[in-house]
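Next comes query-v9.cif, a file with mmCIF, N, CA and C atoms and all ligand atoms.
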```
data_coords
#
loop_
_atom_site.label_atom_id
_atom_site.label_comp_id
_atom_site.auth_asym_id
_atom_site.auth_seq_id
_atom_site.Cartn_x
_atom_site.Cartn_y
_atom_site.Cartn_z
N MET O 8 34.38 -10.31 25.09
CA MET O 8 33.44 -10.44 23.98
C MET O 8 33.13 -11.90 23.71
N ALA O 9 34.14 -12.73 23.80
CA ALA O 9 33.93 -14.14 23.50
C ALA O 9 33.18 -14.84 24.62
N ASP O 10 33.43 -14.36 25.84
CA ASP O 10 32.78 -15.03 26.97
C ASP O 10 31.34 -14.58 27.12
N GLN O 11 30.50 -15.49 27.55
CA GLN O 11 29.13 -15.12 27.85
C GLN O 11 28.65 -15.85 29.08
N LYS O 12 27.64 -15.27 29.70
CA LYS O 12 27.13 -15.86 30.92
C LYS O 12 26.33 -17.11 30.61
N CYS O 13 26.33 -17.99 31.57
CA CYS O 13 25.53 -19.21 31.46
C CYS O 13 24.06 -18.85 31.19
N ALA O 14 23.42 -19.63 30.35
CA ALA O 14 22.05 -19.33 29.94
C ALA O 14 21.03 -19.62 31.03
N HIS O 15 21.43 -20.27 32.08
CA HIS O 15 20.52 -20.49 33.21
C HIS O 15 20.35 -19.18 33.97
N PRO O 16 19.11 -18.73 34.16
CA PRO O 16 18.87 -17.40 34.74
C PRO O 16 19.49 -17.18 36.11
N GLY O 17 19.58 -18.22 36.92
CA GLY O 17 20.11 -18.04 38.26
C GLY O 17 21.61 -18.20 38.35
N CYS O 18 22.26 -18.37 37.24
CA CYS O 18 23.68 -18.74 37.25
C CYS O 18 24.57 -17.57 36.86
N ASN O 19 25.69 -17.47 37.52
CA ASN O 19 26.61 -16.37 37.28
C ASN O 19 27.88 -16.79 36.55
N CYS O 20 27.96 -18.00 36.18
CA CYS O 20 29.19 -18.48 35.56
C CYS O 20 29.41 -17.90 34.18
N ILE O 21 30.67 -17.77 33.83
CA ILE O 21 31.02 -17.41 32.46
C ILE O 21 31.28 -18.68 31.68
N VAL O 22 30.69 -18.77 30.52
CA VAL O 22 30.77 -19.99 29.72
C VAL O 22 31.56 -19.74 28.45
N GLU O 23 32.44 -20.64 28.16
CA GLU O 23 33.15 -20.55 26.89
C GLU O 23 32.22 -20.99 25.78
N PRO O 24 32.24 -20.26 24.67
CA PRO O 24 31.32 -20.59 23.57
C PRO O 24 31.46 -22.02 23.08
N LYS O 25 32.64 -22.56 23.19
CA LYS O 25 32.83 -23.93 22.69
C LYS O 25 32.83 -24.96 23.80
N GLY O 26 32.28 -24.59 24.93
CA GLY O 26 32.23 -25.53 26.05
C GLY O 26 31.36 -26.74 25.75
N PRO O 27 31.54 -27.79 26.51
CA PRO O 27 30.84 -29.05 26.26
C PRO O 27 29.34 -28.98 26.50
N TYR O 28 28.88 -27.95 27.19
CA TYR O 28 27.45 -27.87 27.51
C TYR O 28 26.77 -26.75 26.73
N GLY O 29 27.38 -26.27 25.68
CA GLY O 29 26.76 -25.23 24.89
C GLY O 29 26.69 -23.92 25.65
N LYS O 30 25.50 -23.38 25.78
CA LYS O 30 25.35 -22.08 26.45
C LYS O 30 25.36 -22.21 27.96
N TYR O 31 25.47 -23.43 28.46
CA TYR O 31 25.41 -23.65 29.91
C TYR O 31 26.78 -24.01 30.44
N CYS O 32 26.96 -23.77 31.74
CA CYS O 32 28.27 -24.02 32.34
C CYS O 32 28.45 -25.46 32.75
N SER O 33 27.35 -26.18 32.87
CA SER O 33 27.43 -27.52 33.45
C SER O 33 26.20 -28.32 33.10
N GLU O 34 26.31 -29.59 33.36
CA GLU O 34 25.16 -30.47 33.18
C GLU O 34 24.00 -30.00 34.03
N HIS O 35 24.31 -29.52 35.22
CA HIS O 35 23.25 -29.06 36.12
C HIS O 35 22.42 -27.96 35.47
N CYS O 36 23.07 -26.97 34.93
CA CYS O 36 22.33 -25.84 34.36
C CYS O 36 21.58 -26.26 33.11
N LYS O 37 22.15 -27.15 32.39
CA LYS O 37 21.48 -27.62 31.18
C LYS O 37 20.17 -28.29 31.54
N GLU O 38 20.18 -29.11 32.57
CA GLU O 38 18.97 -29.81 32.96
C GLU O 38 18.02 -28.92 33.74
N ALA O 39 18.53 -27.85 34.32
CA ALA O 39 17.69 -26.95 35.11
C ALA O 39 17.01 -25.90 34.25
N ARG O 40 17.28 -25.92 33.00
CA ARG O 40 16.62 -24.97 32.09
C ARG O 40 15.12 -25.23 32.15
N GLY O 41 14.35 -24.18 32.23
CA GLY O 41 12.91 -24.37 32.38
C GLY O 41 12.48 -24.32 33.83
N MET O 42 13.40 -24.58 34.75
CA MET O 42 13.08 -24.42 36.16
C MET O 42 13.65 -23.09 36.62
N THR O 43 12.96 -22.46 37.54
CA THR O 43 13.49 -21.21 38.08
C THR O 43 14.10 -21.49 39.44
N GLU O 44 15.40 -21.44 39.51
CA GLU O 44 16.09 -21.67 40.77
C GLU O 44 16.55 -20.32 41.32
N LEU O 45 16.28 -20.10 42.59
CA LEU O 45 16.78 -18.86 43.21
C LEU O 45 18.29 -18.90 43.31
N ARG O 46 18.79 -20.05 43.65
CA ARG O 46 20.23 -20.23 43.78
C ARG O 46 20.65 -21.31 42.83
N CYS O 47 21.61 -21.02 42.05
CA CYS O 47 22.11 -22.03 41.13
C CYS O 47 22.88 -23.11 41.90
N GLY O 48 22.73 -24.32 41.49
CA GLY O 48 23.38 -25.42 42.20
C GLY O 48 24.49 -26.07 41.40
N CYS O 49 25.10 -25.34 40.53
CA CYS O 49 26.12 -25.96 39.68
C CYS O 49 27.43 -26.21 40.41
N GLN O 50 27.59 -25.62 41.60
CA GLN O 50 28.75 -25.85 42.45
C GLN O 50 30.01 -25.18 41.97
N HIS O 51 29.93 -24.35 40.98
CA HIS O 51 31.12 -23.59 40.61
C HIS O 51 31.32 -22.43 41.57
N ILE O 52 32.54 -21.95 41.63
CA ILE O 52 32.89 -20.92 42.60
C ILE O 52 32.04 -19.66 42.43
N ASP O 53 31.74 -19.29 41.23
CA ASP O 53 30.97 -18.08 40.98
C ASP O 53 29.55 -18.16 41.53
N CYS O 54 29.08 -19.32 41.81
CA CYS O 54 27.70 -19.50 42.22
C CYS O 54 27.55 -19.86 43.68
N ARG O 55 28.63 -19.79 44.46
CA ARG O 55 28.52 -20.17 45.86
C ARG O 55 28.44 -18.97 46.78
ZN ZN J 101 25.75 -21.69 38.33
ZN ZN J 102 25.40 -22.31 34.87
ZN ZN J 103 28.52 -22.93 36.90
#
```
If you convert what's in this file into structure tokens, what do you get?
Amino acid sequence: MADQKCAHPGCNCIVEPKGPYGKYCSEHCKEARGMTELRCGCQHIDCR
């Protein structure tokens, strides 16, 4: 319940609500908001 998926549409990471990037898992996803990526490039294990 507490965990939620990264707000970037192409990303599969689970994000902690109090994480440093808000609704995103990483700086990458935060900056990629607004872009549609087929493959997320955040480099986390869930996205490879
Ligand atoms: Zn990702
Ligand atoms: Zn992400
Ligand atoms: Zn990620």
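Every protein, DNA or RNA residue with an atom at most 7 Å from segment 40-45 of chain O, where only C-alpha atoms count and chain neighbours fewer than 2 positions away do not, is listed here: His15, Gly17, Cys36, Lys37, Glu38 and Cys47 of chain O.
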Computed gap from atom CA of Ile52 of chain O to atom CA of Gly29 of chain O is 19.2 Å
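Taking all atoms listed in the file into account, the residues that come within 5 Å of ligand ZN 101 (chain J) are O:Cys18, O:Asn19, O:Cys20, O:Cys47, O:Cys49, O:Cys54.
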Mind writing the picked residues with N, CA and C atoms as a PDB file, keeping the file's coordinate frame?
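part-v5.pdb, freshly written:
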```pdb
ATOM      1  N   CYS O  18      22.260 -18.370  37.240  1.00  0.00           N
ATOM      2  CA  CYS O  18      23.680 -18.740  37.250  1.00  0.00           C
ATOM      3  C   CYS O  18      24.570 -17.570  36.860  1.00  0.00           C
ATOM      4  N   ASN O  19      25.690 -17.470  37.520  1.00  0.00           N
ATOM      5  CA  ASN O  19      26.610 -16.370  37.280  1.00  0.00           C
ATOM      6  C   ASN O  19      27.880 -16.790  36.550  1.00  0.00           C
ATOM      7  N   CYS O  20      27.960 -18.000  36.180  1.00  0.00           N
ATOM      8  CA  CYS O  20      29.190 -18.480  35.560  1.00  0.00           C
ATOM      9  C   CYS O  20      29.410 -17.900  34.180  1.00  0.00           C
ATOM     10  N   CYS O  47      21.610 -21.020  42.050  1.00  0.00           N
ATOM     11  CA  CYS O  47      22.110 -22.030  41.130  1.00  0.00           C
ATOM     12  C   CYS O  47      22.880 -23.110  41.900  1.00  0.00           C
ATOM     13  N   CYS O  49      25.100 -25.340  40.530  1.00  0.00           N
ATOM     14  CA  CYS O  49      26.120 -25.960  39.680  1.00  0.00           C
ATOM     15  C   CYS O  49      27.430 -26.210  40.410  1.00  0.00           C
ATOM     16  N   CYS O  54      29.080 -19.320  41.810  1.00  0.00           N
ATOM     17  CA  CYS O  54      27.700 -19.500  42.220  1.00  0.00           C
ATOM     18  C   CYS O  54      27.550 -19.860  43.680  1.00  0.00           C
TER      19      CYS O  54
END
```
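Using only N, CA and C atoms, the shortest contact distance between Asp53 of chain O and any of O:Cys32, O:Gly26, O:Ala14, O:Ile21 is found at O:Ile21.
Here atom C of Arg46 of chain O stands at a distance of 18.1 Å from atom C of Val22 of chain O.
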Can you list, as a PyMOL selection string, all residues belonging to chain O that DSSP tags as alpha helix (DSSP H)? chain O and resi 34-39
Would you compute the distance between atom CA of Ala39 of chain O and atom N of Asp10 of chain O? Give it in Å to one decimal. 22.2 Å
